[in-house]
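First the structure, in the form of structure tokens, and then the observations on it.
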Protein chains: 2
Amino acid sequence: ALATPALAQGTLPEIRWRCASSFPKSLDTIYGAGEHVAKRVAALTDGKFQIRVFAAGELVPGLAVADAVQGGTVECAHTASYYFVGKDPTFAFDGAIPFGMNMRQTSAWLNAGGGRELLRDFFAGYSMVSLPAGNTGAQMGGWFRKEIRTVQDLNGLKMRIGGFAGNVLQKLGVVPQQIAGGDIYPSLEKGTIDAAEWVGPYDDEKLGFQRVAPFYYYPGWWEGALNLSFYVGKSKWEELPQQYKDALESACRDSTIETMAKYDVQNPQALRRLVAAGTQLRPFPREVMQACYKAAFELYDETAAKNENFRKVYEPWKAFRDSQFQWFRVAESTFDNFVYFMHAQEQQQRR
Amino acid sequence: ALATPALAQGTLPEIRWRCASSFPKSLDTIYGAGEHVAKRVAALTDGKFQIRVFAAGELVPGLAVADAVQGGTVECAHTASYYFVGKDPTFAFDGAIPFGMNMRQTSAWLNAGGGRELLRDFFAGYSMVSLPAGNTGAQMGGWFRKEIRTVQDLNGLKMRIGGFAGNVLQKLGVVPQQIAGGDIYPSLEKGTIDAAEWVGPYDDEKLGFQRVAPFYYYPGWWEGALNLSFYVGKSKWEELPQQYKDALESACRDSTIETMAKYDVQNPQALRRLVAAGTQLRPFPREVMQACYKAAFELYDETAAKNENFRKVYEPWKAFRDSQFQWFRVAESTFDNFVYFMHAQEQQQRR
């Protein structure tokens, strides 16, 4: 017989947490991923476990949320881990690594491929637990005032790009700029910067970059997928009744399904509008991609040589990525490429 | 203030359901997707809402689970909807359509792209609700005793393949065979059939096909992704307290994350073992793929012309697929193809 546990639900505590988001409300999908977690947790606990989400800047600045969780100012946060590569580049594995893995592969690593265990140890050093909660998929390469035709065109380019990707591009002469979302448009308009990357069509369109930079490059090779993270203070996590831990974990996974589906529905619509309004789509030239790829893996080797945290995650991550690519090159990518090829043919015939 | 709803959790009913799975326990990942739903529902409701999963054949045969839910023999089932295309081909949209969409695109359609609403109406006709709960990703094309070089090689080929894909292949002269999992191996060994498809490397390896058919083809173009479904009797669903509905929905999404991650971890390992043991990997020739593609879309047009249920879903599904392909051809597939290209180069250099 299935016995009901002795602890009746009526005895579960009422808990109210504050969650600091790294995102503004205007980015409704990515900010919404954190709100979705909160909504599901409340629904799953009959409203007893309440998480209130605050937009970037309401409690703490968007890039200060890790400190706020670590220091106990808030119980939890919703963020992108690569914002904190300045503390330790190892954070990037929990968000995105340039030329890393796509959404499925990242999720496989984090949920069943050993990534969770490796990162648990790393995050414990910051007194935090990090749960995957949302994903953007592959992002765009951003907006450029001039075309990029050769690797030399990167030299001296002032580009708004953050974190680890900025370090990669620096090796090729790019001058990376850290600029908050709201300030990118005027900088691009005035020509203070030459290029800026943000997320993908749906989010980029809202900031209006198409009006001041005609060339929209792809792919955002620094974010083949961006895993979003729900940070919880470690002691707060440990205090939770098991049922609330389960609710939070399932709510985060629910949010990943929800957010990825929303982006995949919204991005094609936005891209169509952008192209109809004159945006010129450009793939990065292969030569440029290859130079960046080489620079990226040089950077990882250099980083692993001097940072033991990074090395401990990088080696198994890279082996996992190898194994994923071997498999995805067989069934997945052959399927995708074939149906895209047929789709392209049909589009041409319609014209 | 965040008021706690008047209905305390202590008043929630104890509910025990039986779930008929279409899968045997030996297929631990796909069967496990149903068990994962049950485990999470119990965890999220403090054990008050218990679902007990029965393997195919324990309560009802694997392919009879829809009837069992519709007739009220069981409250719920875990299955693949294309098993029921004999009742109505419209079921296939909830599972997989040959040359349809990949996992991300299918999930986008079902969760945010209008698919859920369209299918809700269709399933209401069977007094059922269907929730996405697990996915296999792109499957393999199956095991062949002889190589397939031209479209003519399909003529007269006896192949174990089910549902809608069998109807497509029939147009090219294949004689589709419906054979249960356990009987495929002896049929292939004796040469009663020439080919058989099952799932992917991890599941196929268990059935031992590699010992009796040397050629392992890809991709399984009839299953660019297979969405697994958790069926609930409509009246049973409506009787659930909202909190249990929420628990079941989040548990199903949790199961999709879990199952997809497990397959993506297990398949590369199994594929490596199969290839090391002598399995010969072969892509279907493009000419063969194109002939099958043409036959597939002819079949959909024919089916839509005579089946109003199918037509109502097919048209918006196809428009959604078009829009997804436009977007995925930009950032996602350019990223994937580039990193796979570099990976192939590195592999060659290592040799």
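Convention: chains lettered A, B, ... in structure tokens order; per-chain residue numbering from 1; ligands numbered from 1 as shown.
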
When you get a sec, could you note down which chain B residues fall within 7 Å of chain A, using only C-alpha atoms, as an mmCIF file with N, CA, C and O atoms, in the first residue's frame?
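Below is the file part-v4.cif, written as the result:
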data_model
loop_
_atom_site.group_PDB
_atom_site.id
_atom_site.type_symbol
_atom_site.label_atom_id
_atom_site.label_comp_id
_atom_site.auth_asym_id
_atom_site.auth_seq_id
_atom_site.Cartn_x
_atom_site.Cartn_y
_atom_site.Cartn_z
ATOM 1 N N THR B 4 -2.493 33.626 1.888
ATOM 2 C CA THR B 4 -2.567 32.191 1.619
ATOM 3 C C THR B 4 -4.020 31.855 1.277
ATOM 4 O O THR B 4 -4.925 32.286 1.979
ATOM 5 N N PRO B 5 -4.220 31.115 0.165
ATOM 6 C CA PRO B 5 -5.603 30.791 -0.202
ATOM 7 C C PRO B 5 -6.320 30.072 0.946
ATOM 8 O O PRO B 5 -5.701 29.376 1.748
ATOM 9 N N ALA B 8 -6.816 25.059 2.627
ATOM 10 C CA ALA B 8 -5.527 24.561 3.120
ATOM 11 C C ALA B 8 -5.190 23.258 2.412
ATOM 12 O O ALA B 8 -6.077 22.537 1.956
ATOM 13 N N GLN B 9 -3.885 22.951 2.356
ATOM 14 C CA GLN B 9 -3.470 21.758 1.630
ATOM 15 C C GLN B 9 -3.985 20.487 2.296
ATOM 16 O O GLN B 9 -4.174 19.483 1.633
ATOM 17 N N GLY B 10 -4.193 20.547 3.582
ATOM 18 C CA GLY B 10 -4.668 19.369 4.295
ATOM 19 C C GLY B 10 -5.980 18.836 3.732
ATOM 20 O O GLY B 10 -6.299 17.666 3.873
ATOM 21 N N ALA B 43 6.235 13.538 -5.488
ATOM 22 C CA ALA B 43 7.113 14.433 -4.720
ATOM 23 C C ALA B 43 6.471 15.810 -4.539
ATOM 24 O O ALA B 43 6.619 16.444 -3.493
ATOM 25 N N LEU B 44 5.757 16.254 -5.559
ATOM 26 C CA LEU B 44 5.196 17.611 -5.522
ATOM 27 C C LEU B 44 3.911 17.694 -4.695
ATOM 28 O O LEU B 44 3.455 18.786 -4.370
ATOM 29 N N ASP B 46 3.406 15.741 -1.833
ATOM 30 C CA ASP B 46 3.633 15.089 -0.557
ATOM 31 C C ASP B 46 3.056 13.674 -0.541
ATOM 32 O O ASP B 46 2.540 13.214 0.480
ATOM 33 N N GLY B 47 3.104 13.019 -1.682
ATOM 34 C CA GLY B 47 2.643 11.633 -1.773
ATOM 35 C C GLY B 47 1.142 11.464 -1.815
ATOM 36 O O GLY B 47 0.635 10.334 -1.790
ATOM 37 N N LYS B 48 0.409 12.562 -1.901
ATOM 38 C CA LYS B 48 -1.055 12.434 -1.891
ATOM 39 C C LYS B 48 -1.625 12.035 -3.245
ATOM 40 O O LYS B 48 -2.674 11.421 -3.328
ATOM 41 N N PHE B 99 9.410 13.956 -41.833
ATOM 42 C CA PHE B 99 9.967 15.220 -42.330
ATOM 43 C C PHE B 99 9.341 16.425 -41.638
ATOM 44 O O PHE B 99 9.219 17.497 -42.224
ATOM 45 N N SER B 107 8.510 21.200 -29.630
ATOM 46 C CA SER B 107 8.196 21.707 -28.305
ATOM 47 C C SER B 107 7.651 23.137 -28.393
ATOM 48 O O SER B 107 6.709 23.505 -27.682
ATOM 49 N N ALA B 108 8.225 23.934 -29.280
ATOM 50 C CA ALA B 108 7.733 25.311 -29.463
ATOM 51 C C ALA B 108 6.289 25.288 -29.943
ATOM 52 O O ALA B 108 5.436 26.040 -29.448
ATOM 53 N N ASN B 111 3.979 23.947 -27.044
ATOM 54 C CA ASN B 111 3.906 24.719 -25.802
ATOM 55 C C ASN B 111 3.617 26.204 -25.983
ATOM 56 O O ASN B 111 3.170 26.855 -25.041
ATOM 57 N N ALA B 112 3.895 26.744 -27.164
ATOM 58 C CA ALA B 112 3.664 28.187 -27.324
ATOM 59 C C ALA B 112 3.247 28.566 -28.732
ATOM 60 O O ALA B 112 3.036 29.737 -29.007
ATOM 61 N N GLY B 113 3.129 27.597 -29.613
ATOM 62 C CA GLY B 113 2.886 27.919 -31.023
ATOM 63 C C GLY B 113 1.505 27.550 -31.527
ATOM 64 O O GLY B 113 1.297 27.496 -32.742
ATOM 65 N N ALA B 138 15.848 13.193 -32.640
ATOM 66 C CA ALA B 138 15.844 12.562 -33.966
ATOM 67 C C ALA B 138 16.254 11.110 -33.819
ATOM 68 O O ALA B 138 17.233 10.792 -33.144
ATOM 69 N N GLN B 139 15.491 10.228 -34.445
ATOM 70 C CA GLN B 139 15.797 8.809 -34.340
ATOM 71 C C GLN B 139 16.667 8.355 -35.518
ATOM 72 O O GLN B 139 16.950 9.115 -36.431
ATOM 73 N N MET B 140 17.084 7.104 -35.438
ATOM 74 C CA MET B 140 17.884 6.523 -36.522
ATOM 75 C C MET B 140 16.954 5.905 -37.560
ATOM 76 O O MET B 140 15.790 5.622 -37.296
ATOM 77 N N TYR B 218 20.787 6.412 -41.319
ATOM 78 C CA TYR B 218 20.322 7.645 -40.676
ATOM 79 C C TYR B 218 20.018 8.683 -41.725
ATOM 80 O O TYR B 218 20.532 8.584 -42.826
ATOM 81 N N PRO B 219 19.200 9.675 -41.417
ATOM 82 C CA PRO B 219 18.431 9.803 -40.175
ATOM 83 C C PRO B 219 17.088 9.083 -40.303
ATOM 84 O O PRO B 219 16.683 8.733 -41.403
ATOM 85 N N TRP B 221 14.055 9.832 -40.863
ATOM 86 C CA TRP B 221 13.375 11.064 -41.323
ATOM 87 C C TRP B 221 11.904 11.071 -40.919
ATOM 88 O O TRP B 221 11.246 12.095 -40.982
ATOM 89 N N GLY B 224 12.002 13.157 -36.818
ATOM 90 C CA GLY B 224 12.983 14.187 -36.518
ATOM 91 C C GLY B 224 12.977 14.504 -35.032
ATOM 92 O O GLY B 224 13.939 15.018 -34.468
ATOM 93 N N GLN B 243 -4.293 22.348 -8.066
ATOM 94 C CA GLN B 243 -2.910 22.121 -7.639
ATOM 95 C C GLN B 243 -2.352 20.814 -8.214
ATOM 96 O O GLN B 243 -1.169 20.724 -8.545
ATOM 97 N N ASP B 246 -1.605 21.335 -11.879
ATOM 98 C CA ASP B 246 -0.314 22.033 -11.993
ATOM 99 C C ASP B 246 0.842 21.072 -11.755
ATOM 100 O O ASP B 246 1.864 21.117 -12.446
ATOM 101 N N ALA B 247 0.694 20.211 -10.762
ATOM 102 C CA ALA B 247 1.755 19.256 -10.454
ATOM 103 C C ALA B 247 1.980 18.325 -11.644
ATOM 104 O O ALA B 247 3.122 18.052 -12.036
ATOM 105 N N SER B 250 3.694 20.288 -14.585
ATOM 106 C CA SER B 250 5.124 20.541 -14.358
ATOM 107 C C SER B 250 5.908 19.239 -14.356
ATOM 108 O O SER B 250 7.043 19.191 -14.838
ATOM 109 N N ALA B 251 5.315 18.169 -13.831
ATOM 110 C CA ALA B 251 6.002 16.879 -13.818
ATOM 111 C C ALA B 251 6.245 16.392 -15.249
ATOM 112 O O ALA B 251 7.295 15.810 -15.545
ATOM 113 N N ARG B 253 6.621 18.308 -17.946
ATOM 114 C CA ARG B 253 7.698 19.113 -18.527
ATOM 115 C C ARG B 253 9.046 18.714 -17.940
ATOM 116 O O ARG B 253 10.059 18.655 -18.641
ATOM 117 N N ASP B 254 9.058 18.439 -16.659
ATOM 118 C CA ASP B 254 10.269 17.960 -15.991
ATOM 119 C C ASP B 254 10.744 16.678 -16.681
ATOM 120 O O ASP B 254 11.939 16.493 -16.960
ATOM 121 N N ILE B 257 12.578 17.319 -20.016
ATOM 122 C CA ILE B 257 13.973 17.721 -19.797
ATOM 123 C C ILE B 257 14.814 16.495 -19.429
ATOM 124 O O ILE B 257 15.887 16.252 -19.986
ATOM 125 N N GLU B 258 14.297 15.699 -18.501
ATOM 126 C CA GLU B 258 15.032 14.549 -17.993
ATOM 127 C C GLU B 258 15.286 13.506 -19.092
ATOM 128 O O GLU B 258 16.413 13.022 -19.263
ATOM 129 N N ALA B 261 17.620 14.697 -21.968
ATOM 130 C CA ALA B 261 19.005 14.731 -21.490
ATOM 131 C C ALA B 261 19.574 13.314 -21.403
ATOM 132 O O ALA B 261 20.710 13.061 -21.817
ATOM 133 N N LYS B 262 18.795 12.378 -20.899
ATOM 134 C CA LYS B 262 19.276 10.997 -20.773
ATOM 135 C C LYS B 262 19.566 10.388 -22.141
ATOM 136 O O LYS B 262 20.612 9.770 -22.338
ATOM 137 N N ASP B 264 20.296 11.928 -24.851
ATOM 138 C CA ASP B 264 21.453 12.591 -25.460
ATOM 139 C C ASP B 264 22.768 12.163 -24.810
ATOM 140 O O ASP B 264 23.821 12.238 -25.436
ATOM 141 N N VAL B 265 22.709 11.718 -23.578
ATOM 142 C CA VAL B 265 23.918 11.191 -22.929
ATOM 143 C C VAL B 265 24.153 9.733 -23.345
ATOM 144 O O VAL B 265 25.281 9.327 -23.611
ATOM 145 N N PRO B 268 25.188 8.647 -27.730
ATOM 146 C CA PRO B 268 26.564 8.651 -28.262
ATOM 147 C C PRO B 268 27.387 7.477 -27.750
ATOM 148 O O PRO B 268 28.198 6.913 -28.495
ATOM 149 N N SER B 323 7.927 28.746 -40.622
ATOM 150 C CA SER B 323 8.477 29.873 -39.883
ATOM 151 C C SER B 323 9.653 29.406 -39.002
ATOM 152 O O SER B 323 10.676 30.093 -38.887
ATOM 153 N N GLN B 324 9.524 28.224 -38.411
ATOM 154 C CA GLN B 324 10.627 27.679 -37.599
ATOM 155 C C GLN B 324 11.865 27.446 -38.455
ATOM 156 O O GLN B 324 12.983 27.781 -38.056
ATOM 157 N N PHE B 325 11.659 26.862 -39.638
ATOM 158 C CA PHE B 325 12.814 26.550 -40.489
ATOM 159 C C PHE B 325 13.514 27.837 -40.917
ATOM 160 O O PHE B 325 14.741 27.893 -40.971
ATOM 161 N N GLN B 326 12.737 28.872 -41.214
ATOM 162 C CA GLN B 326 13.362 30.147 -41.587
ATOM 163 C C GLN B 326 14.300 30.643 -40.491
ATOM 164 O O GLN B 326 15.395 31.097 -40.758
ATOM 165 N N TRP B 327 13.852 30.537 -39.283
ATOM 166 C CA TRP B 327 14.651 31.031 -38.157
ATOM 167 C C TRP B 327 15.808 30.085 -37.834
ATOM 168 O O TRP B 327 16.953 30.518 -37.677
ATOM 169 N N ARG B 329 17.382 28.124 -39.678
ATOM 170 C CA ARG B 329 18.419 28.140 -40.718
ATOM 171 C C ARG B 329 19.406 29.277 -40.499
ATOM 172 O O ARG B 329 20.500 29.267 -41.063
ATOM 173 N N VAL B 330 19.025 30.265 -39.713
ATOM 174 C CA VAL B 330 19.904 31.419 -39.496
ATOM 175 C C VAL B 330 20.890 31.106 -38.358
ATOM 176 O O VAL B 330 21.976 30.591 -38.614
ATOM 177 N N ALA B 331 20.518 31.348 -37.129
ATOM 178 C CA ALA B 331 21.501 31.254 -36.043
ATOM 179 C C ALA B 331 21.802 29.798 -35.640
ATOM 180 O O ALA B 331 22.956 29.391 -35.562
ATOM 181 N N GLU B 332 20.767 29.009 -35.408
ATOM 182 C CA GLU B 332 20.975 27.667 -34.856
ATOM 183 C C GLU B 332 21.797 26.774 -35.777
ATOM 184 O O GLU B 332 22.780 26.177 -35.367
ATOM 185 N N THR B 334 23.550 27.462 -38.435
ATOM 186 C CA THR B 334 24.871 27.963 -38.796
ATOM 187 C C THR B 334 25.858 27.700 -37.660
ATOM 188 O O THR B 334 27.005 27.302 -37.897
ATOM 189 N N PHE B 335 25.394 27.889 -36.440
ATOM 190 C CA PHE B 335 26.249 27.572 -35.295
ATOM 191 C C PHE B 335 26.579 26.077 -35.282
ATOM 192 O O PHE B 335 27.742 25.680 -35.226
ATOM 193 N N VAL B 339 30.423 24.367 -35.794
ATOM 194 C CA VAL B 339 31.166 23.635 -34.757
ATOM 195 C C VAL B 339 31.333 22.155 -35.143
ATOM 196 O O VAL B 339 32.352 21.547 -34.835
ATOM 197 N N TYR B 340 30.362 21.597 -35.862
ATOM 198 C CA TYR B 340 30.516 20.203 -36.304
ATOM 199 C C TYR B 340 31.617 20.097 -37.367
ATOM 200 O O TYR B 340 32.375 19.123 -37.401
#

For this session: Per DSSP on the backbone, filter range 104-278 of chain B down to the residues in alpha helix (DSSP H) and report them as a PyMOL selection string.
Result: chain B and resi 104-112+115-124+163-170+181-190+201-207+234-239+242-276

C-alpha atoms of the current selection, written as a PDB file, in the first residue's frame:
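Okay, out12.pdb is ready:
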ATOM      1  CA  ARG B 104      12.939  22.249 -30.155  1.00  0.00           C
ATOM      2  CA  GLN B 105      10.521  23.114 -32.942  1.00  0.00           C
ATOM      3  CA  THR B 106       8.006  20.474 -31.876  1.00  0.00           C
ATOM      4  CA  SER B 107       8.196  21.707 -28.305  1.00  0.00           C
ATOM      5  CA  ALA B 108       7.733  25.311 -29.463  1.00  0.00           C
ATOM      6  CA  TRP B 109       4.636  24.322 -31.431  1.00  0.00           C
ATOM      7  CA  LEU B 110       3.136  22.277 -28.612  1.00  0.00           C
ATOM      8  CA  ASN B 111       3.906  24.719 -25.802  1.00  0.00           C
ATOM      9  CA  ALA B 112       3.664  28.187 -27.324  1.00  0.00           C
ATOM     10  CA  GLY B 115      -0.346  23.224 -31.257  1.00  0.00           C
ATOM     11  CA  ARG B 116      -1.656  22.621 -27.798  1.00  0.00           C
ATOM     12  CA  GLU B 117      -4.955  24.351 -28.525  1.00  0.00           C
ATOM     13  CA  LEU B 118      -5.429  22.598 -31.879  1.00  0.00           C
ATOM     14  CA  LEU B 119      -4.728  19.183 -30.399  1.00  0.00           C
ATOM     15  CA  ARG B 120      -6.863  19.839 -27.323  1.00  0.00           C
ATOM     16  CA  ASP B 121      -9.905  20.023 -29.574  1.00  0.00           C
ATOM     17  CA  PHE B 122      -8.880  16.874 -31.401  1.00  0.00           C
ATOM     18  CA  PHE B 123      -8.234  14.868 -28.222  1.00  0.00           C
ATOM     19  CA  ALA B 124     -11.525  16.045 -26.711  1.00  0.00           C
ATOM     20  CA  GLY B 163       2.176   4.139 -38.682  1.00  0.00           C
ATOM     21  CA  PHE B 164       2.382   7.076 -40.998  1.00  0.00           C
ATOM     22  CA  ALA B 165       5.958   6.407 -42.093  1.00  0.00           C
ATOM     23  CA  GLY B 166       4.852   2.987 -43.351  1.00  0.00           C
ATOM     24  CA  ASN B 167       2.215   4.695 -45.506  1.00  0.00           C
ATOM     25  CA  VAL B 168       4.849   7.010 -46.971  1.00  0.00           C
ATOM     26  CA  LEU B 169       7.212   4.143 -47.789  1.00  0.00           C
ATOM     27  CA  GLN B 170       4.395   2.113 -49.298  1.00  0.00           C
ATOM     28  CA  GLY B 181       9.638  -5.172 -30.313  1.00  0.00           C
ATOM     29  CA  GLY B 182      10.488  -8.658 -29.136  1.00  0.00           C
ATOM     30  CA  ASP B 183       9.736 -10.309 -32.485  1.00  0.00           C
ATOM     31  CA  ILE B 184      11.851  -8.045 -34.664  1.00  0.00           C
ATOM     32  CA  TYR B 185      15.173  -9.756 -34.019  1.00  0.00           C
ATOM     33  CA  PRO B 186      14.135 -13.279 -35.111  1.00  0.00           C
ATOM     34  CA  SER B 187      12.335 -11.889 -38.183  1.00  0.00           C
ATOM     35  CA  LEU B 188      15.432  -9.997 -39.215  1.00  0.00           C
ATOM     36  CA  GLU B 189      17.682 -12.978 -38.472  1.00  0.00           C
ATOM     37  CA  LYS B 190      15.600 -15.371 -40.574  1.00  0.00           C
ATOM     38  CA  PRO B 201      21.444   3.605 -30.706  1.00  0.00           C
ATOM     39  CA  TYR B 202      20.733   3.163 -26.990  1.00  0.00           C
ATOM     40  CA  ASP B 203      17.453   1.300 -27.414  1.00  0.00           C
ATOM     41  CA  ASP B 204      18.409  -0.491 -30.641  1.00  0.00           C
ATOM     42  CA  GLU B 205      21.580  -1.931 -29.116  1.00  0.00           C
ATOM     43  CA  LYS B 206      19.535  -3.724 -26.452  1.00  0.00           C
ATOM     44  CA  LEU B 207      17.532  -5.596 -29.058  1.00  0.00           C
ATOM     45  CA  LYS B 234     -10.925  14.068 -19.782  1.00  0.00           C
ATOM     46  CA  SER B 235     -13.352  13.582 -16.876  1.00  0.00           C
ATOM     47  CA  LYS B 236     -10.477  12.438 -14.627  1.00  0.00           C
ATOM     48  CA  TRP B 237      -8.522  15.548 -15.592  1.00  0.00           C
ATOM     49  CA  GLU B 238     -11.448  17.813 -14.851  1.00  0.00           C
ATOM     50  CA  GLU B 239     -11.954  16.249 -11.435  1.00  0.00           C
ATOM     51  CA  GLN B 242      -6.015  22.809  -9.716  1.00  0.00           C
ATOM     52  CA  GLN B 243      -2.910  22.121  -7.639  1.00  0.00           C
ATOM     53  CA  TYR B 244      -2.755  18.543  -8.925  1.00  0.00           C
ATOM     54  CA  LYS B 245      -3.253  19.691 -12.500  1.00  0.00           C
ATOM     55  CA  ASP B 246      -0.314  22.033 -11.993  1.00  0.00           C
ATOM     56  CA  ALA B 247       1.755  19.256 -10.454  1.00  0.00           C
ATOM     57  CA  LEU B 248       1.027  16.947 -13.370  1.00  0.00           C
ATOM     58  CA  GLU B 249       1.816  19.593 -15.967  1.00  0.00           C
ATOM     59  CA  SER B 250       5.124  20.541 -14.358  1.00  0.00           C
ATOM     60  CA  ALA B 251       6.002  16.879 -13.818  1.00  0.00           C
ATOM     61  CA  CYS B 252       5.450  16.215 -17.540  1.00  0.00           C
ATOM     62  CA  ARG B 253       7.698  19.113 -18.527  1.00  0.00           C
ATOM     63  CA  ASP B 254      10.269  17.960 -15.991  1.00  0.00           C
ATOM     64  CA  SER B 255      10.125  14.549 -17.647  1.00  0.00           C
ATOM     65  CA  THR B 256      10.787  16.056 -21.073  1.00  0.00           C
ATOM     66  CA  ILE B 257      13.973  17.721 -19.797  1.00  0.00           C
ATOM     67  CA  GLU B 258      15.032  14.549 -17.993  1.00  0.00           C
ATOM     68  CA  THR B 259      14.326  12.133 -20.832  1.00  0.00           C
ATOM     69  CA  MET B 260      15.850  14.234 -23.584  1.00  0.00           C
ATOM     70  CA  ALA B 261      19.005  14.731 -21.490  1.00  0.00           C
ATOM     71  CA  LYS B 262      19.276  10.997 -20.773  1.00  0.00           C
ATOM     72  CA  TYR B 263      18.886  10.004 -24.422  1.00  0.00           C
ATOM     73  CA  ASP B 264      21.453  12.591 -25.460  1.00  0.00           C
ATOM     74  CA  VAL B 265      23.918  11.191 -22.929  1.00  0.00           C
ATOM     75  CA  GLN B 266      23.217   7.513 -23.690  1.00  0.00           C
ATOM     76  CA  ASN B 267      22.993   7.559 -27.483  1.00  0.00           C
ATOM     77  CA  PRO B 268      26.564   8.651 -28.262  1.00  0.00           C
ATOM     78  CA  GLN B 269      27.952   5.995 -25.932  1.00  0.00           C
ATOM     79  CA  ALA B 270      25.833   3.259 -27.521  1.00  0.00           C
ATOM     80  CA  LEU B 271      26.651   4.431 -31.039  1.00  0.00           C
ATOM     81  CA  ARG B 272      30.360   4.223 -30.270  1.00  0.00           C
ATOM     82  CA  ARG B 273      29.961   0.676 -28.977  1.00  0.00           C
ATOM     83  CA  LEU B 274      27.952  -0.352 -32.045  1.00  0.00           C
ATOM     84  CA  VAL B 275      30.471   1.078 -34.480  1.00  0.00           C
ATOM     85  CA  ALA B 276      33.361  -0.507 -32.554  1.00  0.00           C
TER      86      ALA B 276
END

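As for CA of Ala20 in chain A and CA of Ala92 in chain A, they are spaced 19.5 Å apart.
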
For this session: May I have all residues of range 7-172 of chain A that DSSP, computed from the backbone, assigns to strand (DSSP E or B), given as an MDAnalysis selection string?
Result: chainID A and resid 15:21 49:54 76:80 128:135 139 142:144 158:160

Problem set entry | All residues 9 Å or closer to Arg211 in chain B, only C-alpha atoms, same chain fewer than 2 positions away omitted, as a ChimeraX atom specification | /B:189,208-209,213-214,279

Residues from last step as file, C-alpha atoms, as a tab-separated table (two decimals), in the first residue's frame:
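The result, written out as out_4.tsv:
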chain	number	residue	atom	x	y	z
B	189	GLU	CA	17.68	-12.98	-38.47
B	208	GLY	CA	20.74	-6.80	-30.73
B	209	PHE	CA	19.94	-5.85	-34.34
B	213	ALA	CA	21.80	-6.55	-40.05
B	214	PRO	CA	25.10	-4.81	-40.73
B	279	THR	CA	28.10	-1.75	-37.38

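Atom to atom, CA of Leu172 in chain A and CA of Val288 in chain A stand 9.6 Å apart.
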
Problem set entry | Nearby residues (only C-alpha atoms) at most 6 Å from range 151-157 of chain B, same-chain spacing under 4 positions excluded, as a ChimeraX atom specification | /B:173-175,288
